[in-house]
$ cat structure_38.cif   # mmCIF, C-alpha atoms
data_run
#
loop_
_atom_site.label_atom_id
_atom_site.label_comp_id
_atom_site.auth_asym_id
_atom_site.auth_seq_id
_atom_site.Cartn_x
_atom_site.Cartn_y
_atom_site.Cartn_z
CA MET A 1 -42.85 -54.79 107.58
CA PRO A 2 -44.48 -53.06 110.59
CA LYS A 3 -47.77 -51.16 110.35
CA ILE A 4 -47.95 -47.75 112.04
CA THR A 5 -51.39 -46.17 112.46
CA PHE A 6 -51.52 -42.47 113.24
CA MET A 7 -54.76 -41.36 114.95
CA GLY A 8 -55.27 -37.66 114.35
CA ALA A 9 -53.10 -37.58 111.24
CA GLY A 10 -54.52 -34.16 110.35
CA SER A 11 -51.98 -32.82 112.87
CA THR A 12 -49.78 -32.30 109.84
CA VAL A 13 -46.62 -30.88 111.42
CA PHE A 14 -46.60 -33.46 114.20
CA ALA A 15 -47.31 -36.24 111.70
CA LYS A 16 -44.32 -35.01 109.71
CA ASN A 17 -42.07 -35.40 112.75
CA VAL A 18 -43.25 -38.82 113.92
CA LEU A 19 -43.86 -40.43 110.53
CA GLY A 20 -41.03 -38.61 108.79
CA ASP A 21 -38.78 -39.92 111.56
CA SER A 22 -40.07 -43.43 110.87
CA MET A 23 -39.35 -43.15 107.16
CA MET A 24 -35.79 -42.04 107.99
CA THR A 25 -35.23 -45.10 110.21
CA PRO A 26 -33.94 -48.24 108.44
CA ALA A 27 -35.93 -50.61 110.65
CA LEU A 28 -39.15 -48.69 109.90
CA GLU A 29 -38.63 -47.21 106.43
CA ASP A 30 -40.70 -49.88 104.64
CA SER A 31 -43.64 -49.59 107.06
CA VAL A 32 -47.28 -49.47 106.11
CA ILE A 33 -48.40 -46.08 107.40
CA ALA A 34 -52.14 -45.71 108.01
CA LEU A 35 -53.32 -42.12 108.42
CA TYR A 36 -56.63 -41.69 110.25
CA ASP A 37 -58.59 -38.48 110.83
CA ILE A 38 -62.13 -37.12 110.78
CA ASP A 39 -61.13 -33.99 108.80
CA ALA A 40 -60.88 -34.80 105.09
CA VAL A 41 -58.90 -31.68 104.13
CA ARG A 42 -56.28 -32.03 106.84
CA LEU A 43 -55.99 -35.76 106.19
CA GLU A 44 -55.31 -35.16 102.50
CA ASP A 45 -52.77 -32.46 103.37
CA SER A 46 -50.84 -34.91 105.53
CA LYS A 47 -51.01 -37.58 102.86
CA ARG A 48 -49.60 -35.26 100.18
CA MET A 49 -46.79 -34.08 102.45
CA LEU A 50 -45.80 -37.58 103.56
CA ASP A 51 -46.04 -38.89 99.98
CA THR A 52 -43.47 -36.27 98.95
CA ILE A 53 -41.08 -37.16 101.77
CA ASN A 54 -41.51 -40.85 101.03
CA ARG A 55 -40.89 -40.37 97.29
CA ASN A 56 -37.74 -38.37 98.00
CA ASN A 57 -36.58 -41.15 100.32
CA GLY A 58 -36.93 -43.88 97.70
CA GLY A 59 -40.63 -44.65 98.13
CA LYS A 60 -40.03 -47.42 100.63
CA ALA A 61 -43.11 -46.84 102.81
CA THR A 62 -46.74 -47.55 101.87
CA ILE A 63 -49.05 -44.72 102.90
CA GLU A 64 -52.82 -45.20 103.24
CA THR A 65 -55.61 -42.88 104.43
CA TYR A 66 -58.76 -43.64 106.39
CA LEU A 67 -61.43 -40.97 106.86
CA GLY A 68 -64.12 -40.94 109.51
CA VAL A 69 -65.31 -43.13 112.35
CA GLU A 70 -66.70 -45.75 109.94
CA ASN A 71 -63.15 -46.43 108.69
CA ARG A 72 -61.38 -46.32 112.04
CA LYS A 73 -61.30 -50.07 112.58
CA ALA A 74 -59.84 -50.59 109.10
CA ALA A 75 -57.09 -48.08 109.87
CA LEU A 76 -56.22 -49.98 113.03
CA ARG A 77 -56.48 -53.50 111.65
CA GLY A 78 -53.17 -55.36 111.99
CA ALA A 79 -51.28 -52.35 113.38
CA ASN A 80 -48.09 -52.94 115.35
CA TYR A 81 -47.95 -49.37 116.63
CA VAL A 82 -50.71 -46.78 117.10
CA VAL A 83 -49.69 -43.15 117.62
CA ASP A 84 -52.34 -40.88 119.13
CA ALA A 85 -52.40 -37.10 118.66
CA ILE A 86 -56.00 -35.87 118.74
CA GLN A 87 -57.86 -32.82 120.03
CA VAL A 88 -61.50 -33.64 120.71
CA GLY A 89 -63.62 -30.56 120.13
CA GLY A 90 -60.78 -28.58 118.57
CA TYR A 91 -59.77 -25.04 119.41
CA GLU A 92 -63.30 -23.93 118.58
CA PRO A 93 -65.60 -24.51 120.26
CA CYS A 94 -64.18 -26.58 123.09
CA THR A 95 -60.85 -24.99 124.00
CA VAL A 96 -62.39 -21.53 123.84
CA THR A 97 -65.18 -22.75 126.14
CA ASP A 98 -62.63 -24.17 128.60
CA PHE A 99 -61.15 -20.68 128.96
CA GLU A 100 -64.15 -18.38 128.67
CA ILE A 101 -66.55 -19.98 131.16
CA PRO A 102 -63.99 -20.20 134.01
CA LYS A 103 -62.99 -16.61 133.23
CA LYS A 104 -66.58 -15.52 134.05
CA TYR A 105 -66.01 -16.90 137.54
CA GLY A 106 -62.69 -15.07 137.86
CA LEU A 107 -60.63 -18.21 137.24
CA ARG A 108 -57.77 -17.46 134.85
CA GLN A 109 -55.62 -20.06 133.05
CA THR A 110 -52.56 -20.18 130.81
CA ILE A 111 -52.58 -23.48 128.87
CA ALA A 112 -55.47 -25.50 130.40
CA ASP A 113 -54.65 -28.81 128.74
CA THR A 114 -53.08 -30.79 131.58
CA LEU A 115 -54.65 -29.90 134.92
CA GLY A 116 -57.04 -27.28 136.20
CA ILE A 117 -60.61 -26.99 135.05
CA GLY A 118 -59.54 -26.94 131.38
CA GLY A 119 -57.47 -30.10 131.76
CA ILE A 120 -60.30 -31.89 133.57
CA PHE A 121 -62.84 -31.14 130.83
CA ARG A 122 -60.38 -31.94 128.07
CA ALA A 123 -59.95 -35.35 129.73
CA LEU A 124 -63.71 -35.84 130.00
CA ARG A 125 -64.09 -35.16 126.27
CA THR A 126 -61.15 -37.32 125.23
CA ILE A 127 -61.26 -40.45 127.42
CA PRO A 128 -64.47 -41.77 125.79
CA VAL A 129 -62.86 -41.42 122.34
CA LEU A 130 -59.73 -43.26 123.48
CA PHE A 131 -61.92 -46.01 124.94
CA ASP A 132 -63.51 -46.33 121.47
CA PHE A 133 -60.02 -46.65 119.99
CA ALA A 134 -59.19 -49.27 122.64
CA ARG A 135 -62.25 -51.40 121.87
CA ASP A 136 -61.30 -51.44 118.20
CA MET A 137 -57.66 -52.19 118.99
CA GLU A 138 -58.58 -55.07 121.28
CA GLU A 139 -60.47 -56.56 118.34
CA VAL A 140 -58.24 -55.87 115.32
CA CYS A 141 -54.69 -55.28 116.70
CA PRO A 142 -54.62 -56.64 120.24
CA ASP A 143 -50.81 -56.81 120.42
CA ALA A 144 -50.17 -53.25 119.22
CA TRP A 145 -48.46 -50.63 121.36
CA PHE A 146 -50.46 -47.42 121.87
CA LEU A 147 -48.10 -44.40 121.96
CA ASN A 148 -50.13 -41.56 123.43
CA TYR A 149 -49.05 -37.97 122.77
CA THR A 150 -52.42 -36.38 123.59
CA ASN A 151 -52.97 -34.22 126.70
CA PRO A 152 -53.92 -34.36 129.50
CA MET A 153 -51.22 -37.03 129.42
CA ALA A 154 -51.53 -38.53 132.91
CA MET A 155 -55.34 -38.71 132.82
CA LEU A 156 -55.57 -40.21 129.33
CA SER A 157 -52.68 -42.64 129.65
CA GLY A 158 -53.79 -43.62 133.15
CA ALA A 159 -57.34 -44.30 131.96
CA MET A 160 -56.09 -46.46 129.08
CA GLN A 161 -53.65 -48.35 131.32
CA ARG A 162 -56.17 -49.05 134.08
CA TYR A 163 -59.39 -49.65 132.16
CA THR A 164 -58.40 -51.22 128.82
CA GLY A 165 -56.32 -54.16 127.69
CA VAL A 166 -54.23 -52.02 125.34
CA LYS A 167 -50.48 -51.77 125.94
CA THR A 168 -50.08 -48.03 126.49
CA VAL A 169 -47.23 -45.66 127.18
CA GLY A 170 -47.56 -41.88 127.32
CA LEU A 171 -44.93 -39.72 125.62
CA CYS A 172 -44.15 -36.04 126.17
CA HIS A 173 -41.53 -33.59 124.90
CA SER A 174 -40.68 -32.05 128.25
CA VAL A 175 -38.35 -34.68 129.71
CA GLN A 176 -35.74 -34.80 126.94
CA VAL A 177 -35.37 -31.01 126.75
CA CYS A 178 -35.62 -30.19 130.47
CA CYS A 179 -31.99 -30.28 131.59
CA GLU A 180 -30.58 -28.89 128.36
CA GLY A 181 -33.02 -25.95 128.42
CA LEU A 182 -32.26 -25.19 132.07
CA MET A 183 -28.49 -25.17 131.61
CA LYS A 184 -28.47 -23.19 128.37
CA GLY A 185 -30.81 -20.62 129.93
CA LEU A 186 -28.21 -20.14 132.66
CA GLY A 187 -25.26 -19.91 130.26
CA MET A 188 -23.91 -23.34 131.19
CA GLU A 189 -22.44 -25.75 128.65
CA TYR A 190 -24.58 -28.81 127.93
CA ASP A 191 -23.23 -31.89 126.15
CA ASP A 192 -23.31 -35.68 126.32
CA THR A 193 -21.18 -35.72 129.48
CA VAL A 194 -24.08 -34.22 131.45
CA GLN A 195 -26.06 -36.97 133.21
CA TRP A 196 -29.49 -36.46 134.72
CA LYS A 197 -32.36 -38.35 136.36
CA ILE A 198 -35.98 -37.21 136.12
CA ALA A 199 -39.09 -38.70 137.74
CA GLY A 200 -42.49 -37.58 138.99
CA ILE A 201 -45.67 -37.06 137.00
CA ASN A 202 -46.15 -35.65 133.52
CA HIS A 203 -45.44 -31.90 133.32
CA GLN A 204 -44.43 -32.00 136.99
CA ALA A 205 -41.54 -34.43 137.02
CA TRP A 206 -38.46 -33.43 138.98
CA LEU A 207 -34.85 -33.08 137.91
CA LEU A 208 -33.61 -35.20 140.79
CA GLU A 209 -29.94 -35.35 139.81
CA VAL A 210 -27.72 -33.51 137.34
CA THR A 211 -23.97 -34.15 137.12
CA LYS A 212 -21.08 -33.56 134.75
CA ASN A 213 -18.10 -35.91 134.97
CA GLY A 214 -19.39 -36.96 138.37
CA VAL A 215 -19.68 -33.39 139.73
CA ASP A 216 -23.07 -32.27 141.11
CA LEU A 217 -24.21 -29.28 139.02
CA TYR A 218 -27.17 -28.28 141.18
CA PRO A 219 -25.24 -25.84 143.43
CA GLU A 220 -24.01 -23.85 140.41
CA ILE A 221 -27.44 -24.05 138.74
CA LYS A 222 -29.10 -22.60 141.85
CA ARG A 223 -26.44 -19.93 142.27
CA ARG A 224 -26.92 -18.72 138.68
CA ALA A 225 -30.70 -18.91 138.91
CA LEU A 226 -30.76 -16.73 142.03
CA ALA A 227 -28.41 -14.24 140.38
CA ARG A 228 -30.64 -13.86 137.31
CA THR A 229 -32.65 -10.69 137.94
CA GLU A 230 -34.01 -9.75 134.51
CA LYS A 231 -37.52 -10.76 133.42
CA HIS A 232 -37.50 -14.07 131.55
CA HIS A 233 -39.82 -16.94 130.59
CA ASP A 234 -38.77 -19.38 133.33
CA MET A 235 -39.41 -17.40 136.50
CA VAL A 236 -42.06 -19.71 137.95
CA ARG A 237 -39.81 -22.75 137.66
CA TYR A 238 -36.92 -20.89 139.27
CA GLU A 239 -39.20 -20.01 142.17
CA ILE A 240 -40.34 -23.63 142.50
CA MET A 241 -36.70 -24.75 142.52
CA LYS A 242 -35.87 -22.11 145.14
CA ARG A 243 -38.73 -23.18 147.43
CA PHE A 244 -38.90 -26.94 146.79
CA GLY A 245 -35.26 -27.64 145.99
CA TYR A 246 -35.66 -29.17 142.52
CA TYR A 247 -36.31 -27.97 138.97
CA VAL A 248 -39.51 -29.19 137.33
CA THR A 249 -39.81 -30.46 133.77
CA GLU A 250 -42.58 -28.48 132.14
CA SER A 251 -42.62 -24.76 131.35
CA SER A 252 -43.38 -21.93 133.72
CA GLU A 253 -46.63 -21.04 131.97
CA HIS A 254 -47.81 -24.61 132.54
CA ASN A 255 -46.65 -24.89 136.14
CA SER A 256 -48.12 -21.54 137.14
CA GLU A 257 -51.57 -23.16 136.90
CA TYR A 258 -50.67 -26.47 138.60
CA MET A 259 -50.13 -24.77 141.97
CA PRO A 260 -52.11 -22.27 144.07
CA TYR A 261 -49.34 -19.68 144.39
CA PHE A 262 -49.00 -17.74 141.15
CA ILE A 263 -52.33 -16.84 139.48
CA LYS A 264 -54.34 -15.17 142.24
CA SER A 265 -57.11 -12.64 141.75
CA THR A 266 -56.28 -11.19 145.19
CA HIS A 267 -52.67 -10.58 144.12
CA PRO A 268 -52.71 -9.52 140.45
CA GLU A 269 -49.18 -8.17 140.82
CA LEU A 270 -47.87 -11.77 140.74
CA ILE A 271 -48.71 -12.02 137.04
CA ASP A 272 -46.15 -9.36 136.21
CA GLN A 273 -43.72 -10.39 138.94
CA PHE A 274 -43.44 -13.93 137.56
CA ASN A 275 -44.05 -12.98 133.91
CA ILE A 276 -47.07 -15.29 133.58
CA PRO A 277 -48.79 -15.28 130.15
CA LEU A 278 -52.51 -15.62 130.91
CA ASP A 279 -54.64 -17.05 128.06
CA GLU A 280 -51.44 -18.23 126.38
CA TYR A 281 -52.87 -21.34 124.72
CA PRO A 282 -55.71 -19.53 122.88
CA ARG A 283 -53.14 -16.97 121.73
CA ARG A 284 -50.92 -19.76 120.37
CA CYS A 285 -53.87 -21.40 118.63
CA ILE A 286 -54.90 -18.16 116.95
CA ASN A 287 -51.32 -17.60 115.75
CA GLN A 288 -51.01 -21.19 114.49
CA ILE A 289 -54.29 -20.94 112.59
CA ALA A 290 -53.17 -17.64 111.06
CA GLU A 291 -49.81 -19.12 110.06
CA TRP A 292 -51.18 -22.44 108.84
CA GLU A 293 -51.84 -21.41 105.23
CA LYS A 294 -48.27 -20.19 104.81
CA MET A 295 -46.92 -23.33 106.49
CA ARG A 296 -49.26 -25.45 104.38
CA GLU A 297 -47.88 -23.92 101.20
CA ASN A 298 -44.33 -24.74 102.30
CA LEU A 299 -45.15 -28.30 103.30
CA LEU A 300 -47.36 -29.18 100.33
CA GLY A 301 -45.83 -27.08 97.57
CA ASP A 302 -42.22 -28.18 97.91
CA GLU A 303 -41.62 -31.15 95.62
CA ASN A 304 -38.12 -31.51 97.12
CA LEU A 305 -39.42 -31.78 100.68
CA THR A 306 -37.32 -34.08 102.87
CA HIS A 307 -37.05 -34.76 106.57
CA THR A 308 -34.34 -35.00 109.19
CA ARG A 309 -35.02 -37.29 112.12
CA SER A 310 -36.25 -35.32 115.14
CA ARG A 311 -35.90 -35.97 118.86
CA GLU A 312 -39.48 -37.26 119.24
CA TYR A 313 -39.46 -40.52 121.14
CA ALA A 314 -41.90 -42.50 118.96
CA SER A 315 -39.61 -43.68 116.14
CA TYR A 316 -36.82 -44.58 118.57
CA ILE A 317 -39.21 -46.69 120.64
CA MET A 318 -40.57 -48.47 117.57
CA GLU A 319 -37.04 -49.00 116.28
CA ALA A 320 -35.98 -50.51 119.61
CA MET A 321 -38.93 -52.88 119.57
CA GLU A 322 -38.20 -53.93 115.98
CA THR A 323 -34.44 -54.38 116.39
CA ASN A 324 -34.17 -55.35 120.08
CA ARG A 325 -31.61 -52.57 120.55
CA PRO A 326 -32.65 -50.90 123.83
CA PHE A 327 -33.70 -47.24 123.93
CA LYS A 328 -34.07 -45.23 127.14
CA PHE A 329 -36.78 -42.57 127.38
CA GLY A 330 -39.08 -40.82 129.82
CA GLY A 331 -42.43 -42.60 129.72
CA ASN A 332 -45.80 -42.30 131.43
CA VAL A 333 -46.83 -45.58 133.02
CA ILE A 334 -48.92 -46.85 135.93
CA ASN A 335 -47.10 -46.65 139.24
CA THR A 336 -46.48 -50.33 139.89
CA GLY A 337 -44.25 -49.59 142.88
CA LEU A 338 -41.96 -47.41 140.78
CA ILE A 339 -42.27 -44.26 142.91
CA THR A 340 -42.92 -45.55 146.38
CA ASN A 341 -44.42 -42.41 147.92
CA LEU A 342 -46.98 -41.77 145.17
CA PRO A 343 -50.32 -43.64 144.79
CA SER A 344 -50.23 -47.01 143.03
CA ASN A 345 -53.10 -46.07 140.68
CA ALA A 346 -51.37 -42.87 139.51
CA CYS A 347 -49.77 -42.50 136.09
CA VAL A 348 -46.14 -41.53 136.74
CA GLU A 349 -43.35 -40.31 134.48
CA VAL A 350 -40.16 -42.33 134.96
CA PRO A 351 -37.18 -43.57 132.94
CA CYS A 352 -38.22 -46.51 130.71
CA ILE A 353 -36.37 -48.93 128.44
CA ALA A 354 -37.90 -50.11 125.14
CA ASP A 355 -36.76 -53.26 123.38
CA ALA A 356 -38.32 -56.28 121.66
CA SER A 357 -40.01 -57.33 124.90
CA GLY A 358 -41.89 -54.03 125.16
CA VAL A 359 -41.43 -51.26 127.73
CA GLN A 360 -39.71 -51.85 131.07
CA SER A 361 -39.95 -49.10 133.68
CA VAL A 362 -37.14 -48.13 136.06
CA PHE A 363 -37.61 -48.27 139.84
CA ILE A 364 -37.14 -44.87 141.49
CA GLY A 365 -38.08 -45.34 145.15
CA ASP A 366 -39.17 -42.33 147.21
CA LEU A 367 -39.14 -38.88 145.71
CA PRO A 368 -38.01 -36.08 148.05
CA GLU A 369 -41.06 -35.74 150.30
CA GLN A 370 -41.85 -32.17 149.28
CA CYS A 371 -41.80 -33.17 145.60
CA ALA A 372 -44.04 -36.17 146.20
CA ALA A 373 -46.41 -33.97 148.21
CA MET A 374 -46.70 -31.48 145.36
CA ASN A 375 -47.27 -34.33 142.88
CA ARG A 376 -50.05 -35.73 145.04
CA THR A 377 -51.95 -32.44 144.87
CA ASN A 378 -51.99 -32.86 141.07
CA ILE A 379 -52.68 -36.61 141.14
CA ASN A 380 -55.87 -36.13 143.22
CA PRO A 381 -57.87 -34.30 140.50
CA GLN A 382 -56.37 -36.61 137.85
CA LEU A 383 -57.72 -39.72 139.55
CA LEU A 384 -61.13 -38.18 140.19
CA ALA A 385 -61.45 -37.02 136.58
CA ILE A 386 -60.76 -40.60 135.47
CA GLU A 387 -63.43 -41.84 137.92
CA ALA A 388 -65.88 -39.36 136.42
CA ALA A 389 -65.13 -40.53 132.87
CA VAL A 390 -65.46 -44.22 133.82
CA THR A 391 -68.54 -44.05 136.08
CA LYS A 392 -70.37 -41.10 134.44
CA LYS A 393 -71.08 -39.74 137.92
CA LYS A 394 -71.25 -35.95 137.99
CA ASP A 395 -70.12 -35.74 141.62
CA TYR A 396 -66.67 -36.91 140.58
CA ILE A 397 -66.41 -33.97 138.17
CA TYR A 398 -67.21 -31.55 140.99
CA GLN A 399 -64.75 -33.29 143.32
CA ALA A 400 -61.97 -33.29 140.74
CA ALA A 401 -62.42 -29.52 140.36
CA MET A 402 -62.68 -28.96 144.14
CA LEU A 403 -59.36 -30.75 144.64
CA ASP A 404 -57.56 -28.92 141.82
CA PRO A 405 -55.03 -26.65 143.59
CA HIS A 406 -55.54 -23.53 141.48
CA THR A 407 -59.34 -23.82 141.24
CA ALA A 408 -59.72 -24.44 144.97
CA ALA A 409 -57.51 -21.47 145.81
CA GLU A 410 -59.67 -19.08 143.77
CA LEU A 411 -63.32 -20.23 144.00
CA THR A 412 -65.84 -21.33 146.62
CA ILE A 413 -67.41 -24.79 146.51
CA ASP A 414 -70.69 -23.34 145.19
CA GLN A 415 -68.84 -21.44 142.47
CA ILE A 416 -66.93 -24.59 141.47
CA VAL A 417 -70.13 -26.64 141.18
CA SER A 418 -71.86 -23.88 139.20
CA MET A 419 -68.89 -23.50 136.86
CA CYS A 420 -68.75 -27.25 136.25
CA ASP A 421 -72.49 -27.28 135.48
CA ASP A 422 -71.99 -24.44 132.99
CA LEU A 423 -69.12 -26.34 131.32
CA ILE A 424 -71.12 -29.58 131.16
CA GLU A 425 -73.97 -27.72 129.49
CA ALA A 426 -71.67 -25.88 127.08
CA HIS A 427 -69.89 -29.10 126.08
CA LYS A 428 -73.10 -31.00 125.28
CA GLY A 429 -72.48 -33.15 122.26
CA TRP A 430 -68.82 -33.56 123.23
CA LEU A 431 -69.52 -35.26 126.56
CA PRO A 432 -71.52 -38.38 127.42
CA GLU A 433 -74.53 -38.06 129.75
CA TYR A 434 -73.56 -37.70 133.42
CA HIS A 435 -75.86 -38.57 136.34
#
$ encode --input "structure_38.cif" --output "C-alpha cells"
Amino acid sequence: MPKITFMGAGSTVFAKNVLGDSMMTPALEDSVIALYDIDAVRLEDSKRMLDTINRNNGGKATIETYLGVENRKAALRGANYVVDAIQVGGYEPCTVTDFEIPKKYGLRQTIADTLGIGGIFRALRTIPVLFDFARDMEEVCPDAWFLNYTNPMAMLSGAMQRYTGVKTVGLCHSVQVCCEGLMKGLGMEYDDTVQWKIAGINHQAWLLEVTKNGVDLYPEIKRRALARTEKHHDMVRYEIMKRFGYYVTESSEHNSEYMPYFIKSTHPELIDQFNIPLDEYPRRCINQIAEWEKMRENLLGDENLTHTRSREYASYIMEAMETNRPFKFGGNVINTGLITNLPSNACVEVPCIADASGVQSVFIGDLPEQCAAMNRTNINPQLLAIEAAVTKKKDYIYQAAMLDPHTAAELTIDQIVSMCDDLIEAHKGWLPEYH
C-alpha cells in the first residue's frame, strides 16, 4: 500500500489528474493519499472532490489532509512518492510583481515562469521552500521519490538534485504532446507508428528525430510549415525550426521570451508578425480565477464525479516502480554525461525509464551544435539563479539576469541591476535575506 503525498494539493484540477489517475491504476488504487496545502479552503475543496472520485471507484484509497507548515512533516512521513505542484507567492502579489516591475523598465514578458527575469525570481522564491521540503523528506521519508511539476523546472529540479539527498525527477507536459501537436497542426496523421526522439532542456528540448515506418518526416514537416502563411499560434517555433533546423518542445509564447529575437522594444512590429501574446500568463490567471467558481461547482457538486486516466506522467512512473513494468518518459535530471555538449551541472530533459530500481536516464551524446549552443544560453542564467539561492549572494542574482538572453538584449547593465533591486525589495517576505 504506497503512500502518495501531494504538496500543493489546493491545485484542485491538477490534483484531480495526478491523484485521480492514481486511483484509476490497480497498482496504486489502495494508496494512502496525503493532501498538503497552506490554503484551508482549497485543501478542503480538493479533499471533497477526491473523496467523491474515490467513493465512486469503490473507496479503495485512504485520503488524508494536512494543513499548514506545522503539519508538513506529518504529511510527508512514510511517503513513497511526493508530488510537488506549488506556486510560492501566488498570482497576487508575486506573479503580478514579476510582470509589472520589469514592464517599468521596458522589459515585456509572456509567461515568465521558466526563464527571464520572472523565471529567475520565481526560482528564488521557490527553491528555499523546496529545500524545506527536502529537509523534512530526508528525515521522515528518505527513500521517497520527489516528482516535481513546479516551474521553473530546470532551476528547481536542478537545485534539488545537486544540493539535497532527495531522489528527484522533474516532469513536464511539453514532451509527450510535442510531436503530436506539431503534426496535427500541419494536417499530418499522427498515430502509434510515429517514432520520435526528444532531448535538450526543459521547455527548450529538441525534436531530434521523427519517423513513420522508418521514413524521415522532417522534410515534409518543414515543407508544410514553410507553406503555412496564415497567422497561427506556433509561428515562433516554426521560425526557430527554419533557422536552427529542429522543432522545439514548448509553445511559441514561451520560447519567444527564451531568445533575444522576438520581443524587442526597437522592433515592435515583431509582436504582430510572430503573433506573440504579451502578458499572456497574467491574462490566463485572471481567466482561471474568474472561471474557478463555476469549475468548483462542477467538481464539488457532482456526486457522480468520476475520472479517466490522463496522460500525466506521475501515475505511470509510480505504477512502473510498484510493478517493475518499465515506463518510458521525458524526465528532467542532472546531466551525468547524458548530453555530452551541455554542462555537467545542468538539469537536462532526456528520455528516462522508470521501474522498480528507480529512474534510469538514456544517453544522448552530442546535440546538433546549434541546438546545444541555444540551450547553453538558457542554462547560464539557470545555474546562476541556483547559485544565488544557495549562497544568498546578491551578485549572482544580477549575473543571472545579465546573462538572460531576452533581458540582456533589452536593458543596460545598470538597468538590470536596478530592476533586480526593485524586485528584491518588492518580494520582501517571499525571499530570504541576500548580501
$ atom_distance --input "structure_38.cif" --atom1 "CA of Ala85 in chain A" --atom2 "CA of Ile38 in chain A"
12.5 Å
$ closest_residue --input "structure_38.cif" --among "A:Asp37, A:Glu29, A:Glu425, A:Asp45" --to "Lys60 in chain A" --atoms "only C-alpha atoms"
A:Glu29
$ resolve_selection --input "structure_38.cif" --expression "the PyMOL selection byres ((chain A and resi 124) around 8)" --output "list in words"
Ile120, Phe121, Arg122, Ala123, Arg125, Thr126, Ile127, Pro128, Ala385, Ile386, Ala388, Ala389 and Leu431 of chain A
$ closest_atom_pairs --input "structure_38.cif" --of "range 269-343 of chain A" --to "range 133-151 of chain A" --cutoff "12 Å" --atoms "all atoms listed in the file" --output "JSON lines"
{"residue": "A:Glu312", "atom": "CA", "partner": "A:Tyr149", "partner_atom": "CA", "distance": 10.2}
{"residue": "A:Tyr313", "atom": "CA", "partner": "A:Leu147", "partner_atom": "CA", "distance": 9.5}
{"residue": "A:Ala314", "atom": "CA", "partner": "A:Leu147", "partner_atom": "CA", "distance": 7.1}
{"residue": "A:Ser315", "atom": "CA", "partner": "A:Leu147", "partner_atom": "CA", "distance": 10.3}
{"residue": "A:Tyr316", "atom": "CA", "partner": "A:Leu147", "partner_atom": "CA", "distance": 11.8}
{"residue": "A:Ile317", "atom": "CA", "partner": "A:Leu147", "partner_atom": "CA", "distance": 9.3}
{"residue": "A:Met318", "atom": "CA", "partner": "A:Trp145", "partner_atom": "CA", "distance": 9.0}
{"residue": "A:Met321", "atom": "CA", "partner": "A:Trp145", "partner_atom": "CA", "distance": 10.0}
{"residue": "A:Gly331", "atom": "CA", "partner": "A:Leu147", "partner_atom": "CA", "distance": 9.8}
{"residue": "A:Asn332", "atom": "CA", "partner": "A:Asn148", "partner_atom": "CA", "distance": 9.1}
{"residue": "A:Val333", "atom": "CA", "partner": "A:Asn148", "partner_atom": "CA", "distance": 10.9}
$ atom_distance --input "structure_38.cif" --atom1 "CA of Pro277 in chain A" --atom2 "CA of Ile198 in chain A"
26.1 Å
$ closest_residue --input "structure_38.cif" --among "A:Met241, A:Ile4, A:Val96, A:Ile111" --to "Glu64 in chain A" --atoms "all atoms listed in the file"
A:Ile4
$ atom_distance --input "structure_38.cif" --atom1 "CA of Ile117 in chain A" --atom2 "CA of His406 in chain A"
8.9 Å
$ closest_residue --input "structure_38.cif" --among "A:Arg376, A:Lys104, A:Arg237, A:Lys392" --to "Ser418 in chain A" --atoms "all atoms listed in the file"
A:Lys104
$ residues_around --input "structure_38.cif" --residues "range 354-365 of chain A" --least-positions-apart "5" --cutoff "10 Å" --atoms "all atoms listed in the file" --output "ChimeraX atom specification"
/A:145,167-169,197-200,316-342,349
$ closest_residue --input "structure_38.cif" --among "A:Trp292, A:Tyr36, A:Tyr163, A:Tyr398" --to "Gln415 in chain A" --atoms "all atoms listed in the file"
A:Tyr398
$ closest_residue --input "structure_38.cif" --among "A:Gln87, A:Glu280, A:Pro351, A:Val82" --to "Trp196 in chain A" --atoms "all atoms listed in the file"
A:Pro351
$ decode --input "structure_38.cif" --residues "range 321-334 of chain A" --atoms "C-alpha atoms" --output "mmCIF file, in the first residue's frame"
data_model
loop_
_atom_site.group_PDB
_atom_site.id
_atom_site.type_symbol
_atom_site.label_atom_id
_atom_site.label_comp_id
_atom_site.auth_asym_id
_atom_site.auth_seq_id
_atom_site.Cartn_x
_atom_site.Cartn_y
_atom_site.Cartn_z
ATOM 1 C CA MET A 321 8.107 1.498 -9.726
ATOM 2 C CA GLU A 322 5.449 -0.552 -7.923
ATOM 3 C CA THR A 323 5.101 -3.277 -10.570
ATOM 4 C CA ASN A 324 8.595 -3.296 -12.126
ATOM 5 C CA ARG A 325 6.992 -2.906 -15.554
ATOM 6 C CA PRO A 326 9.159 -0.275 -17.301
ATOM 7 C CA PHE A 327 7.694 3.048 -18.424
ATOM 8 C CA LYS A 328 9.470 5.462 -20.772
ATOM 9 C CA PHE A 329 9.015 9.209 -20.296
ATOM 10 C CA GLY A 330 10.753 12.542 -20.758
ATOM 11 C CA GLY A 331 12.368 13.470 -17.452
ATOM 12 C CA ASN A 332 14.462 16.306 -16.069
ATOM 13 C CA VAL A 333 17.661 15.011 -14.499
ATOM 14 C CA ILE A 334 21.228 16.151 -13.843
#
